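**Student:** Shown below is the structure under consideration.
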Amino acid sequence: MKVSGIATLSFVLGCVLGASTQVLPPCPAPNSFGSVPRPACAAVEQFGAAGIVQQNRPAEAEAHDYQIVKSAVLSPSPAAPPPATIDSPSTVQLKAALAAARPEAMAAQEVSGVRHEDDVGSVTPLTPRQKFEIFTRHTFSPFTFVSAAFDAGMSQASGQNRGFGGGVEGYGERYGATLADSESAVFFGKFLLPVILRQDPRYFRMREGSVTRRAFYAMSRIVVTRNDDGSSGFNTSHVLGRFISKAIANSYYPQRDRGFNHTLVNTGNGLLSDVETNLFREFWPDLREKIIPKRFRRDH
């Protein structure tokens, strides 16, 4: 039988490779008794959850000579815990944060027994812009126009300022004059003079105390006011503002109602009217809580 050279060469190479490389079974688990001898085996390397047998092979063998003897699905890594939720800050925490940022504002809010009628800013001094806001608020308030209409009707009914005449035309002139008086008094007494003299034009309610004490306090605010530096002083802005507005009124009142004496009388009447306004500001919130049901109030 004739064997070709290629077949002979293949047989020889197979014998050589079979002698140099021997595939061994994987090593069994260690026996606790240790008496049973273990046959030759291959060590198992662990790669995650998969066991791989390392065979006795030449160092130059490639990675695909590994035999996987155990395959398991890798268990997913535990999910990362969700980030801790941040609770909404409570009122106490919010006040603490505000106190740290603006301690002077928080201290002003905590002043007991004082609340200002003009809702602009806090008890801290007002800027010129905030004082101008008070003027504009009074100017465009519906109460300003209603009050002027009422005062004009009372003036005509009592026979004051007869130079305006009677009837609808006389009432219209009285209404215009009364509205001009109010606007000029607010401009000088609430804005311009408080800015120049550095006084606070707001009325601060006392809120607590006996009725007599609160009434006296409300009346005294006509001549006593709060300065921007926190001290108390004569209410020059209000008194002088009233006088200036009545002096300007000489330019549009009838001739018989002009002059220095009329200016002084009209200034006094204006200050008396302001006393009534302060009493209303002081006690109206208390009366409102007793008269108007809570569900109908705007602050509910």
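In the structure tokens, chains take letters A, B, ... by order of appearance, with residues numbered from 1 within each chain and ligands from 1 in the order shown.
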At a cut-off of 9 Å, using only C-alpha atoms, what residues contact segment 273-281 of chain A? Leave out same-chain residues fewer than 5 positions from it and give the result as a list in words.
**Tutor:** Glu117, Tyr203, Arg205, Arg214, Ala215, Ala218, Met219, Ser220, Arg221, Ile222 and Gly268 of chain A
**Student:** Do a neighbour search on Arg129 of chain A at 12 Å with only C-alpha atoms, toss out local chain neighbours closer than 4 positions, and write the hits as a PDB file with N, CA and C atoms, in the first residue's frame.
**Tutor:**
```pdb
ATOM      1  N   VAL A 120     -46.865  99.484  51.831  1.00  0.00           N
ATOM      2  CA  VAL A 120     -45.660  99.605  51.013  1.00  0.00           C
ATOM      3  C   VAL A 120     -44.464  99.363  51.912  1.00  0.00           C
ATOM      4  N   GLY A 121     -43.683  98.328  51.601  1.00  0.00           N
ATOM      5  CA  GLY A 121     -42.482  98.052  52.381  1.00  0.00           C
ATOM      6  C   GLY A 121     -42.820  97.542  53.770  1.00  0.00           C
ATOM      7  N   PRO A 125     -37.288 102.341  56.918  1.00  0.00           N
ATOM      8  CA  PRO A 125     -37.504 103.593  56.189  1.00  0.00           C
ATOM      9  C   PRO A 125     -37.831 103.346  54.711  1.00  0.00           C
ATOM     10  N   GLU A 133     -44.977 105.911  45.449  1.00  0.00           N
ATOM     11  CA  GLU A 133     -46.005 104.881  45.277  1.00  0.00           C
ATOM     12  C   GLU A 133     -47.196 105.136  46.198  1.00  0.00           C
ATOM     13  N   ILE A 134     -46.939 105.623  47.400  1.00  0.00           N
ATOM     14  CA  ILE A 134     -48.036 105.954  48.311  1.00  0.00           C
ATOM     15  C   ILE A 134     -48.876 107.081  47.721  1.00  0.00           C
ATOM     16  N   PHE A 135     -48.228 108.068  47.143  1.00  0.00           N
ATOM     17  CA  PHE A 135     -48.958 109.180  46.529  1.00  0.00           C
ATOM     18  C   PHE A 135     -49.830 108.691  45.378  1.00  0.00           C
ATOM     19  N   THR A 136     -49.268 107.866  44.504  1.00  0.00           N
ATOM     20  CA  THR A 136     -50.050 107.374  43.366  1.00  0.00           C
ATOM     21  C   THR A 136     -51.184 106.459  43.819  1.00  0.00           C
ATOM     22  N   LYS A 190     -47.554 113.516  51.426  1.00  0.00           N
ATOM     23  CA  LYS A 190     -47.204 112.101  51.379  1.00  0.00           C
ATOM     24  C   LYS A 190     -45.944 111.808  50.570  1.00  0.00           C
ATOM     25  N   PHE A 191     -45.579 112.744  49.704  1.00  0.00           N
ATOM     26  CA  PHE A 191     -44.434 112.465  48.835  1.00  0.00           C
ATOM     27  C   PHE A 191     -43.325 113.506  48.930  1.00  0.00           C
ATOM     28  N   LEU A 192     -43.588 114.711  48.453  1.00  0.00           N
ATOM     29  CA  LEU A 192     -42.507 115.686  48.281  1.00  0.00           C
ATOM     30  C   LEU A 192     -41.866 116.078  49.606  1.00  0.00           C
ATOM     31  N   PRO A 194     -42.131 114.617  52.697  1.00  0.00           N
ATOM     32  CA  PRO A 194     -41.479 113.503  53.384  1.00  0.00           C
ATOM     33  C   PRO A 194     -40.127 113.119  52.800  1.00  0.00           C
ATOM     34  N   VAL A 195     -39.971 113.280  51.475  1.00  0.00           N
ATOM     35  CA  VAL A 195     -38.669 112.997  50.870  1.00  0.00           C
ATOM     36  C   VAL A 195     -37.649 114.040  51.302  1.00  0.00           C
TER      37      VAL A 195
END
```
**Student:** One number please: atom CA of Asn269 of chain A to atom CA of Pro254 of chain A, in Å, one decimal.
**Tutor:** 17.8 Å
**Student:** List the neighbours of Tyr175 of chain A out to 10 Å using only C-alpha atoms; skip same-chain residues closer than 2 positions along the sequence, and give me the result as number ranges by chain.
**Tutor:** A: 145, 147-153, 155-156, 169-173, 177-181
**Student:** From the set A:Thr236, A:Asn161, A:Asn266, A:Asn227, which residue has the shortest atom-to-atom contact distance to Val123 of chain A, counting only C-alpha atoms?
**Tutor:**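 Among A:Thr236, A:Asn161, A:Asn266, A:Asn227, it is A:Asn227 that comes nearest to Val123 of chain A.
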**Student:** Take atom CA of Tyr253 of chain A and atom CA of Ala185 of chain A and report the distance between them in Å, one decimal.
**Tutor:** 15.6 Å
**Student:** Nearest to His238 of chain A among A:Arg256, A:Arg213, A:Arg202, A:Arg207, with distances taken over only C-alpha atoms: which residue is it?
**Tutor:**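 Closest residue, counting only C-alpha atoms: A:Arg202.
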**Student:** What does the distance between atom CA of Thr263 of chain A and atom CA of Ser232 of chain A come to in Å, to one decimal place?
**Tutor:**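 Rounded to one decimal, the two atoms are 27.7 Å apart.
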**Student:** Name the residues of segment 99-246 of chain A that fall into alpha helix (DSSP H) according to DSSP on the backbone, using the chain letters and numbers of this document, as a VMD selection string.
**Tutor:** chain A and resid 99 to 101 103 to 109 128 to 139 142 to 158 167 to 186 193 to 197 211 to 220 236 to 246
